[in-house]
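Participant: Got a structure for you, query21.pdb, holding PDB, C-alpha atoms and all ligand atoms.
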```pdb
ATOM      1  CA  MET S1241      22.159  12.195 -53.365
ATOM      2  CA  SER S1242      21.437  11.622 -49.703
ATOM      3  CA  THR S1243      18.645   9.418 -48.417
ATOM      4  CA  HIS S1244      15.975  12.144 -48.420
ATOM      5  CA  LEU S1245      17.441  14.814 -50.743
ATOM      6  CA  GLY S1246      17.849  14.382 -54.499
ATOM      7  CA  ALA S1247      20.658  16.925 -54.971
ATOM      8  CA  GLU S1248      24.046  16.176 -56.497
ATOM      9  CA  PRO S1249      27.117  17.468 -54.602
ATOM     10  CA  GLY S1250      27.407  21.234 -55.137
ATOM     11  CA  GLN S1251      23.742  21.754 -56.020
ATOM     12  CA  ILE S1252      22.865  23.047 -52.529
ATOM     13  CA  ALA S1253      24.268  26.433 -51.451
ATOM     14  CA  PRO S1254      26.181  26.845 -48.154
ATOM     15  CA  THR S1255      23.285  29.021 -46.929
ATOM     16  CA  VAL S1256      19.794  27.511 -46.722
ATOM     17  CA  LEU S1257      16.438  29.038 -45.822
ATOM     18  CA  MET S1258      14.218  26.352 -44.320
ATOM     19  CA  PRO S1259      10.427  26.683 -44.086
ATOM     20  CA  GLY S1260       8.352  23.788 -42.777
ATOM     21  CA  ASP S1261       6.046  23.981 -45.797
ATOM     22  CA  PRO S1262       7.600  22.801 -49.090
ATOM     23  CA  LEU S1263       5.142  24.982 -51.023
ATOM     24  CA  ARG S1264       6.382  28.003 -49.044
ATOM     25  CA  ALA S1265       9.865  26.951 -50.191
ATOM     26  CA  GLN S1266       8.664  27.016 -53.796
ATOM     27  CA  TRP S1267       6.998  30.409 -53.323
ATOM     28  CA  ILE S1268      10.171  31.833 -51.740
ATOM     29  CA  ALA S1269      12.376  30.507 -54.549
ATOM     30  CA  GLU S1270      10.068  31.766 -57.303
ATOM     31  CA  THR S1271       9.434  35.149 -55.650
ATOM     32  CA  PHE S1272      12.813  36.160 -54.238
ATOM     33  CA  LEU S1273      15.560  34.237 -56.084
ATOM     34  CA  ASP S1274      17.009  34.531 -59.586
ATOM     35  CA  ASP S1275      18.278  31.654 -61.760
ATOM     36  CA  VAL S1276      16.304  29.117 -59.720
ATOM     37  CA  GLU S1277      16.874  25.366 -60.047
ATOM     38  CA  CYS S1278      14.793  22.716 -58.226
ATOM     39  CA  TYR S1279      17.310  20.175 -56.891
ATOM     40  CA  SER S1280      14.995  17.825 -54.996
ATOM     41  CA  ARG S1281      11.410  16.560 -55.161
ATOM     42  CA  VAL S1282      11.957  13.491 -52.983
ATOM     43  CA  ARG S1283       8.738  12.853 -50.990
ATOM     44  CA  GLY S1284       7.492  16.240 -52.241
ATOM     45  CA  MET S1285       9.835  18.016 -49.799
ATOM     46  CA  LEU S1286      10.936  20.556 -52.381
ATOM     47  CA  GLY S1287      14.402  22.143 -52.469
ATOM     48  CA  PHE S1288      15.615  24.969 -54.707
ATOM     49  CA  THR S1289      18.848  26.878 -55.314
ATOM     50  CA  GLY S1290      19.140  30.368 -56.809
ATOM     51  CA  THR S1291      20.725  33.737 -56.139
ATOM     52  CA  TRP S1292      19.587  36.679 -54.054
ATOM     53  CA  GLN S1293      21.408  39.977 -54.662
ATOM     54  CA  GLY S1294      24.402  37.999 -55.928
ATOM     55  CA  HIS S1295      24.456  35.540 -53.005
ATOM     56  CA  ARG S1296      23.871  31.855 -53.747
ATOM     57  CA  VAL S1297      21.022  30.615 -51.516
ATOM     58  CA  SER S1298      18.991  27.425 -51.261
ATOM     59  CA  VAL S1299      15.487  26.980 -49.873
ATOM     60  CA  GLN S1300      14.602  23.571 -48.448
ATOM     61  CA  GLY S1301      11.319  22.433 -46.865
ATOM     62  CA  SER S1302      11.714  20.672 -43.514
ATOM     63  CA  GLY S1303       8.257  19.238 -42.959
ATOM     64  CA  MET S1304       6.497  19.671 -39.626
ATOM     65  CA  GLY S1305       8.023  18.752 -36.270
ATOM     66  CA  GLN S1306      11.496  18.078 -34.966
ATOM     67  CA  PRO S1307      11.862  14.482 -36.251
ATOM     68  CA  SER S1308      11.204  15.645 -39.809
ATOM     69  CA  LEU S1309      13.414  18.729 -39.621
ATOM     70  CA  ALA S1310      16.196  16.654 -38.070
ATOM     71  CA  ILE S1311      16.325  14.391 -41.115
ATOM     72  CA  TYR S1312      16.749  17.284 -43.556
ATOM     73  CA  ALA S1313      19.079  19.381 -41.372
ATOM     74  CA  THR S1314      21.332  16.387 -40.687
ATOM     75  CA  GLU S1315      21.609  15.565 -44.390
ATOM     76  CA  LEU S1316      22.265  19.240 -45.268
ATOM     77  CA  PHE S1317      25.097  19.389 -42.710
ATOM     78  CA  THR S1318      26.649  15.976 -43.306
ATOM     79  CA  SER S1319      26.095  15.282 -47.039
ATOM     80  CA  TYR S1320      26.124  18.815 -48.506
ATOM     81  CA  ASP S1321      28.372  20.760 -46.092
ATOM     82  CA  VAL S1322      25.737  23.456 -45.506
ATOM     83  CA  ARG S1323      27.129  26.099 -43.137
ATOM     84  CA  THR S1324      24.078  28.224 -42.248
ATOM     85  CA  VAL S1325      20.385  27.362 -41.923
ATOM     86  CA  VAL S1326      17.744  30.017 -41.280
ATOM     87  CA  ARG S1327      14.305  28.608 -40.505
ATOM     88  CA  VAL S1328      11.503  30.780 -41.910
ATOM     89  CA  GLY S1329       8.424  29.512 -40.121
ATOM     90  CA  SER S1330       5.012  30.320 -38.776
ATOM     91  CA  CYS S1331       4.313  30.390 -35.043
ATOM     92  CA  GLY S1332       1.498  30.868 -32.576
ATOM     93  CA  ALA S1333       1.716  33.837 -30.195
ATOM     94  CA  LEU S1334       1.521  32.908 -26.511
ATOM     95  CA  THR S1335       1.341  36.393 -24.984
ATOM     96  CA  GLU S1336      -0.923  39.344 -25.666
ATOM     97  CA  ASP S1337       2.098  41.561 -26.422
ATOM     98  CA  VAL S1338       2.753  39.558 -29.578
ATOM     99  CA  GLY S1339       0.376  40.210 -32.482
ATOM    100  CA  LEU S1340      -0.651  38.585 -35.740
ATOM    101  CA  ARG S1341       2.060  38.993 -38.446
ATOM    102  CA  ASP S1342       4.654  40.176 -35.905
ATOM    103  CA  LEU S1343       8.122  38.699 -36.395
ATOM    104  CA  VAL S1344       9.665  36.549 -33.667
ATOM    105  CA  ILE S1345      13.448  36.097 -33.800
ATOM    106  CA  ALA S1346      14.117  33.029 -31.680
ATOM    107  CA  THR S1347      17.222  33.532 -29.549
ATOM    108  CA  GLY S1348      16.625  30.130 -27.957
ATOM    109  CA  ALA S1349      14.129  27.293 -28.135
ATOM    110  CA  CYS S1350      12.577  25.420 -25.215
ATOM    111  CA  THR S1351      10.925  22.104 -25.939
ATOM    112  CA  ASP S1352       8.638  19.363 -24.657
ATOM    113  CA  SER S1353      10.259  16.891 -27.056
ATOM    114  CA  SER S1354      12.184  13.848 -25.905
ATOM    115  CA  MET S1355      14.807  14.310 -28.636
ATOM    116  CA  ASN S1356      17.233  16.325 -26.512
ATOM    117  CA  ARG S1357      16.571  14.311 -23.363
ATOM    118  CA  ILE S1358      17.744  11.235 -25.240
ATOM    119  CA  ARG S1359      20.735  13.051 -26.766
ATOM    120  CA  PHE S1360      21.847  14.531 -23.406
ATOM    121  CA  HIS S1361      20.961  11.584 -21.156
ATOM    122  CA  GLY S1362      18.316  13.544 -19.216
ATOM    123  CA  TYR S1363      20.352  16.766 -18.862
ATOM    124  CA  ASP S1364      18.552  19.915 -20.058
ATOM    125  CA  TYR S1365      20.559  21.379 -22.952
ATOM    126  CA  ALA S1366      19.869  25.028 -23.929
ATOM    127  CA  PRO S1367      19.464  25.211 -27.732
ATOM    128  CA  VAL S1368      20.366  28.747 -28.864
ATOM    129  CA  ALA S1369      20.638  30.639 -32.136
ATOM    130  CA  ASP S1370      23.863  31.925 -33.653
ATOM    131  CA  LEU S1371      24.356  35.382 -32.109
ATOM    132  CA  ASP S1372      25.621  37.057 -35.300
ATOM    133  CA  LEU S1373      22.550  35.833 -37.171
ATOM    134  CA  VAL S1374      20.277  37.098 -34.388
ATOM    135  CA  VAL S1375      21.838  40.569 -34.521
ATOM    136  CA  ALA S1376      21.778  40.667 -38.329
ATOM    137  CA  ALA S1377      18.121  39.628 -38.420
ATOM    138  CA  ARG S1378      17.150  42.103 -35.707
ATOM    139  CA  ASP S1379      18.900  44.941 -37.564
ATOM    140  CA  ALA S1380      17.222  43.984 -40.851
ATOM    141  CA  ALA S1381      13.820  43.756 -39.148
ATOM    142  CA  ARG S1382      14.175  47.078 -37.354
ATOM    143  CA  ALA S1383      15.057  48.777 -40.654
ATOM    144  CA  ARG S1384      11.643  47.800 -42.065
ATOM    145  CA  GLU S1385       8.961  50.376 -41.343
ATOM    146  CA  GLY S1386       5.788  48.879 -39.875
ATOM    147  CA  LEU S1387       7.247  45.490 -39.007
ATOM    148  CA  VAL S1388       6.896  44.652 -35.308
ATOM    149  CA  VAL S1389       9.768  42.436 -34.171
ATOM    150  CA  HIS S1390      10.241  40.487 -30.932
ATOM    151  CA  THR S1391      13.517  38.852 -29.933
ATOM    152  CA  GLY S1392      13.341  36.064 -27.378
ATOM    153  CA  LEU S1393      12.447  32.473 -26.600
ATOM    154  CA  VAL S1394      10.112  30.158 -28.469
ATOM    155  CA  LEU S1395       8.697  26.777 -27.484
ATOM    156  CA  SER S1396       9.287  24.003 -30.023
ATOM    157  CA  GLY S1397       6.377  21.708 -29.223
ATOM    158  CA  ASP S1398       5.761  18.189 -30.491
ATOM    159  CA  SER S1399       1.990  18.714 -30.615
ATOM    160  CA  PHE S1400       0.223  21.262 -32.792
ATOM    161  CA  TYR S1401      -3.032  20.153 -31.167
ATOM    162  CA  HIS S1402      -1.828  19.918 -27.589
ATOM    163  CA  PRO S1403      -3.837  17.606 -25.313
ATOM    164  CA  ARG S1404      -2.958  19.764 -22.279
ATOM    165  CA  PRO S1405      -2.453  23.375 -23.439
ATOM    166  CA  GLU S1406      -2.354  24.615 -19.826
ATOM    167  CA  LEU S1407       1.142  23.084 -19.548
ATOM    168  CA  THR S1408       2.597  25.993 -21.539
ATOM    169  CA  ALA S1409       1.700  28.494 -18.754
ATOM    170  CA  PRO S1410       5.037  28.130 -16.876
ATOM    171  CA  MET S1411       6.874  28.693 -20.162
ATOM    172  CA  VAL S1412       4.960  31.928 -20.738
ATOM    173  CA  ALA S1413       5.670  32.960 -17.133
ATOM    174  CA  HIS S1414       9.383  32.544 -17.940
ATOM    175  CA  GLY S1415       9.356  34.731 -21.046
ATOM    176  CA  VAL S1416       8.511  32.347 -23.887
ATOM    177  CA  LEU S1417       6.842  34.377 -26.656
ATOM    178  CA  ALA S1418       5.499  31.880 -29.158
ATOM    179  CA  VAL S1419       5.102  28.232 -30.036
ATOM    180  CA  GLU S1420       6.345  26.476 -33.173
ATOM    181  CA  MET S1421       7.648  22.960 -33.813
ATOM    182  CA  GLU S1422      11.261  22.843 -35.122
ATOM    183  CA  ALA S1423      13.735  25.454 -33.809
ATOM    184  CA  SER S1424      14.997  23.408 -30.856
ATOM    185  CA  ALA S1425      16.158  20.511 -33.058
ATOM    186  CA  LEU S1426      17.654  22.904 -35.600
ATOM    187  CA  TYR S1427      19.725  24.730 -32.959
ATOM    188  CA  THR S1428      20.862  21.487 -31.356
ATOM    189  CA  LEU S1429      21.930  19.938 -34.669
ATOM    190  CA  ALA S1430      23.737  23.119 -35.752
ATOM    191  CA  ALA S1431      25.701  23.010 -32.494
ATOM    192  CA  ALA S1432      26.464  19.309 -32.905
ATOM    193  CA  HIS S1433      27.877  19.896 -36.391
ATOM    194  CA  GLY S1434      29.583  23.248 -35.719
ATOM    195  CA  ARG S1435      27.218  25.179 -38.032
ATOM    196  CA  ARG S1436      25.106  28.309 -37.641
ATOM    197  CA  ALA S1437      21.349  28.441 -37.302
ATOM    198  CA  LEU S1438      18.524  30.856 -36.654
ATOM    199  CA  ALA S1439      14.741  30.638 -36.643
ATOM    200  CA  VAL S1440      12.632  33.638 -37.578
ATOM    201  CA  CYS S1441       8.891  33.098 -37.443
ATOM    202  CA  THR S1442       5.852  35.100 -38.448
ATOM    203  CA  VAL S1443       2.895  34.955 -36.073
ATOM    204  CA  SER S1444       0.195  33.070 -37.975
ATOM    205  CA  ASP S1445      -2.248  32.683 -35.085
ATOM    206  CA  HIS S1446      -2.794  33.767 -31.535
ATOM    207  CA  VAL S1447      -3.129  31.030 -28.954
ATOM    208  CA  VAL S1448      -4.781  33.456 -26.471
ATOM    209  CA  THR S1449      -7.262  35.254 -28.727
ATOM    210  CA  GLY S1450      -7.799  32.526 -31.342
ATOM    211  CA  VAL S1451      -7.312  34.806 -34.393
ATOM    212  CA  GLU S1452      -5.506  33.090 -37.251
ATOM    213  CA  LEU S1453      -4.308  33.488 -40.829
ATOM    214  CA  SER S1454      -5.470  31.187 -43.635
ATOM    215  CA  SER S1455      -3.321  28.330 -44.939
ATOM    216  CA  GLU S1456      -2.820  30.321 -48.171
ATOM    217  CA  ASP S1457      -1.464  33.261 -46.146
ATOM    218  CA  ARG S1458       0.892  30.883 -44.282
ATOM    219  CA  GLU S1459       2.192  29.633 -47.637
ATOM    220  CA  ARG S1460       2.528  32.857 -49.624
ATOM    221  CA  SER S1461       2.316  36.036 -47.520
ATOM    222  CA  PHE S1462       5.387  36.137 -45.277
ATOM    223  CA  ALA S1463       7.523  38.388 -47.499
ATOM    224  CA  PRO S1464       8.905  40.596 -44.657
ATOM    225  CA  MET S1465      10.169  37.499 -42.810
ATOM    226  CA  VAL S1466      11.814  36.107 -45.944
ATOM    227  CA  GLU S1467      13.539  39.421 -46.717
ATOM    228  CA  VAL S1468      14.791  39.693 -43.129
ATOM    229  CA  ALA S1469      16.124  36.121 -43.281
ATOM    230  CA  LEU S1470      17.841  36.695 -46.627
ATOM    231  CA  ALA S1471      19.415  39.947 -45.423
ATOM    232  CA  ALA S1472      20.662  38.285 -42.221
ATOM    233  CA  ALA S1473      22.074  35.281 -44.032
ATOM    234  CA  ALA S1474      23.760  37.464 -46.647
ATOM    235  CA  ARG S1475      25.277  39.847 -44.076
ATOM    236  CA  ASP S1476      26.521  36.845 -42.174
ATOM    237  CA  GLY S1477      28.532  35.669 -45.171
ATOM    238  CA  GLY S1478      25.961  33.606 -47.060
TER     239      GLY S1478
HETATM  240  O1  LIG S1501       4.951  27.147 -40.985
HETATM  241  P1  LIG S1501       5.993  26.143 -40.586
HETATM  242  O2  LIG S1501       7.351  26.566 -41.003
HETATM  243  O3  LIG S1501       5.665  24.739 -41.048
HETATM  244  O4  LIG S1501       6.012  26.128 -38.983
HETATM  245  C1  LIG S1501       4.902  25.890 -38.137
HETATM  246  O5  LIG S1501       3.754  25.438 -38.809
HETATM  247  C2  LIG S1501       3.595  24.011 -38.663
HETATM  248  C3  LIG S1501       2.288  23.747 -37.960
HETATM  249  O6  LIG S1501       1.221  24.299 -38.653
HETATM  250  C4  LIG S1501       4.799  23.545 -37.850
HETATM  251  O7  LIG S1501       5.806  23.097 -38.734
HETATM  252  C5  LIG S1501       5.180  24.810 -37.113
HETATM  253  O8  LIG S1501       6.497  24.883 -36.632
HETATM  254  O1  LIG S1502       3.362  25.204 -34.124
HETATM  255  C1  LIG S1502       2.608  26.139 -34.359
HETATM  256  C2  LIG S1502       2.758  26.947 -35.506
HETATM  257  C3  LIG S1502       1.885  27.976 -35.715
HETATM  258  N1  LIG S1502       0.908  28.191 -34.831
HETATM  259  C4  LIG S1502       0.764  27.434 -33.739
HETATM  260  O2  LIG S1502      -0.164  27.669 -32.956
HETATM  261  N2  LIG S1502       1.602  26.423 -33.522
END
```
What would the structure in this file look like if it were written as structure tokens?
Facilitator:
Amino acid sequence: MSTHLGAEPGQIAPTVLMPGDPLRAQWIAETFLDDVECYSRVRGMLGFTGTWQGHRVSVQGSGMGQPSLAIYATELFTSYDVRTVVRVGSCGALTEDVGLRDLVIATGACTDSSMNRIRFHGYDYAPVADLDLVVAARDAARAREGLVVHTGLVLSGDSFYHPRPELTAPMVAHGVLAVEMEASALYTLAAAHGRRALAVCTVSDHVVTGVELSSEDRERSFAPMVEVALAAAARDGG
């Protein structure tokens, strides 16, 4: 067991899908995996291992925000030798080209967080996804009829309720598609530990128009995203 995960060595697969919501993790495990075992309930941050089309896969909740994700990702990499993490999240669209339920494959993640400034002594590091995972996810998404997919930058913000939302305007002007809260830390930690990571997010709300999905939809309705993530992770050797 690690400090925040109740798994024994070997109980977590080398490939992990990581939603922020632990109940989305449970829904993913129960809906998409066979032979499912729950390996951790510590703090209610559920983790499961099962198989998908013969590939052993785990699903681990990260909680919300980079500090929480960093705890779980670090323990997955250092205590359980996890090789690949694919975040399966929700995000808010920042541009009118991006619609509700579209898929955003995050090639890189900007941030307003101080986590990387501290790690890199004030230098601006560029947290990016694993290229093979990006290509595999984009191919899997394009093969799905009716799924609109965008590939580009996200903003991993520290504030869901931002006190100064106008500050995201320069990000949008430089091509950032959507806002979420974890990808930047995930990409940085994967690089630090020599592992592979990707974030795919479903648009759950639109920051410009104000339309949004319910919390139940955010927990249990992102099947296309999960199937794209599983296909990408499996093609990539998971
Ligand atoms: O739906 P998840 O994966 O939690 O992701 C998004 O939703 C949460 C905010 O509602 C943040 O964690 C954000 O990144
Ligand atoms: O961080 C997030 C996630 C979903 N939607 C948002 O607006 N922000």
Participant: Could you please give me, as a ChimeraX atom specification, the residues of protein, DNA or RNA lying at most 12 Å from (10.3, 18.1, -53.9) in the coordinate frame of the file, considering all atoms listed in the file?
Facilitator: /S:1244-1247,1261-1266,1277-1288,1299-1303
Participant: Near Arg1384 (chain S), within 12 Å and counting only C-alpha atoms, which residues show up once chain neighbours fewer than 5 positions away are dropped, as a list in words?
Facilitator: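 Listing them by chain and then by number gives Leu1343, Ala1377, Arg1378, Asp1379, Val1389, Ala1463, Pro1464, Met1465, Glu1467, Val1468 and Ala1471 of chain S.
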Participant: For the provided coordinates, the residues matched by the PyMOL selection byres (((not hetatm)) within 7 of (chain S and resi 1501)) should be stated as a list in words.
Facilitator: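 This file gives the following for the PyMOL selection byres (((not hetatm)) within 7 of (chain S and resi 1501)): Pro1259, Gly1260, Asp1261, Gly1303, Met1304, Gly1305, Val1328, Gly1329, Ser1330, Cys1331, Phe1400, Glu1420, Met1421, Glu1422 and Arg1458 of chain S.
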Participant: Quick one: residues within 12 Å of ligand LIG 1502 (chain S), with only C-alpha atoms and all ligand atoms, as a ChimeraX atom specification?
Facilitator: /S:1259-1261,1303-1306,1328-1335,1340-1341,1344,1351,1394-1402,1405,1408,1417-1423,1441-1455,1458
Participant: For the residues selected in the previous step, produce a file with C-alpha atoms as a PDB file, in the frame of the given file.
Facilitator:
```pdb
ATOM      1  CA  PRO S1259      10.427  26.683 -44.086  1.00  0.00           C
ATOM      2  CA  GLY S1260       8.352  23.788 -42.777  1.00  0.00           C
ATOM      3  CA  ASP S1261       6.046  23.981 -45.797  1.00  0.00           C
ATOM      4  CA  GLY S1303       8.257  19.238 -42.959  1.00  0.00           C
ATOM      5  CA  MET S1304       6.497  19.671 -39.626  1.00  0.00           C
ATOM      6  CA  GLY S1305       8.023  18.752 -36.270  1.00  0.00           C
ATOM      7  CA  GLN S1306      11.496  18.078 -34.966  1.00  0.00           C
ATOM      8  CA  VAL S1328      11.503  30.780 -41.910  1.00  0.00           C
ATOM      9  CA  GLY S1329       8.424  29.512 -40.121  1.00  0.00           C
ATOM     10  CA  SER S1330       5.012  30.320 -38.776  1.00  0.00           C
ATOM     11  CA  CYS S1331       4.313  30.390 -35.043  1.00  0.00           C
ATOM     12  CA  GLY S1332       1.498  30.868 -32.576  1.00  0.00           C
ATOM     13  CA  ALA S1333       1.716  33.837 -30.195  1.00  0.00           C
ATOM     14  CA  LEU S1334       1.521  32.908 -26.511  1.00  0.00           C
ATOM     15  CA  THR S1335       1.341  36.393 -24.984  1.00  0.00           C
ATOM     16  CA  LEU S1340      -0.651  38.585 -35.740  1.00  0.00           C
ATOM     17  CA  ARG S1341       2.060  38.993 -38.446  1.00  0.00           C
ATOM     18  CA  VAL S1344       9.665  36.549 -33.667  1.00  0.00           C
ATOM     19  CA  THR S1351      10.925  22.104 -25.939  1.00  0.00           C
ATOM     20  CA  VAL S1394      10.112  30.158 -28.469  1.00  0.00           C
ATOM     21  CA  LEU S1395       8.697  26.777 -27.484  1.00  0.00           C
ATOM     22  CA  SER S1396       9.287  24.003 -30.023  1.00  0.00           C
ATOM     23  CA  GLY S1397       6.377  21.708 -29.223  1.00  0.00           C
ATOM     24  CA  ASP S1398       5.761  18.189 -30.491  1.00  0.00           C
ATOM     25  CA  SER S1399       1.990  18.714 -30.615  1.00  0.00           C
ATOM     26  CA  PHE S1400       0.223  21.262 -32.792  1.00  0.00           C
ATOM     27  CA  TYR S1401      -3.032  20.153 -31.167  1.00  0.00           C
ATOM     28  CA  HIS S1402      -1.828  19.918 -27.589  1.00  0.00           C
ATOM     29  CA  PRO S1405      -2.453  23.375 -23.439  1.00  0.00           C
ATOM     30  CA  THR S1408       2.597  25.993 -21.539  1.00  0.00           C
ATOM     31  CA  LEU S1417       6.842  34.377 -26.656  1.00  0.00           C
ATOM     32  CA  ALA S1418       5.499  31.880 -29.158  1.00  0.00           C
ATOM     33  CA  VAL S1419       5.102  28.232 -30.036  1.00  0.00           C
ATOM     34  CA  GLU S1420       6.345  26.476 -33.173  1.00  0.00           C
ATOM     35  CA  MET S1421       7.648  22.960 -33.813  1.00  0.00           C
ATOM     36  CA  GLU S1422      11.261  22.843 -35.122  1.00  0.00           C
ATOM     37  CA  ALA S1423      13.735  25.454 -33.809  1.00  0.00           C
ATOM     38  CA  CYS S1441       8.891  33.098 -37.443  1.00  0.00           C
ATOM     39  CA  THR S1442       5.852  35.100 -38.448  1.00  0.00           C
ATOM     40  CA  VAL S1443       2.895  34.955 -36.073  1.00  0.00           C
ATOM     41  CA  SER S1444       0.195  33.070 -37.975  1.00  0.00           C
ATOM     42  CA  ASP S1445      -2.248  32.683 -35.085  1.00  0.00           C
ATOM     43  CA  HIS S1446      -2.794  33.767 -31.535  1.00  0.00           C
ATOM     44  CA  VAL S1447      -3.129  31.030 -28.954  1.00  0.00           C
ATOM     45  CA  VAL S1448      -4.781  33.456 -26.471  1.00  0.00           C
ATOM     46  CA  THR S1449      -7.262  35.254 -28.727  1.00  0.00           C
ATOM     47  CA  GLY S1450      -7.799  32.526 -31.342  1.00  0.00           C
ATOM     48  CA  VAL S1451      -7.312  34.806 -34.393  1.00  0.00           C
ATOM     49  CA  GLU S1452      -5.506  33.090 -37.251  1.00  0.00           C
ATOM     50  CA  LEU S1453      -4.308  33.488 -40.829  1.00  0.00           C
ATOM     51  CA  SER S1454      -5.470  31.187 -43.635  1.00  0.00           C
ATOM     52  CA  SER S1455      -3.321  28.330 -44.939  1.00  0.00           C
ATOM     53  CA  ARG S1458       0.892  30.883 -44.282  1.00  0.00           C
TER      54      ARG S1458
END
```
Participant: Specify as number ranges by chain each residue included when the PyMOL selection byres (((chain S and resi 1322) around 9) and not hetatm) is applied to this file.
Facilitator: S: 1252-1256, 1313, 1315-1321, 1323-1325, 1435
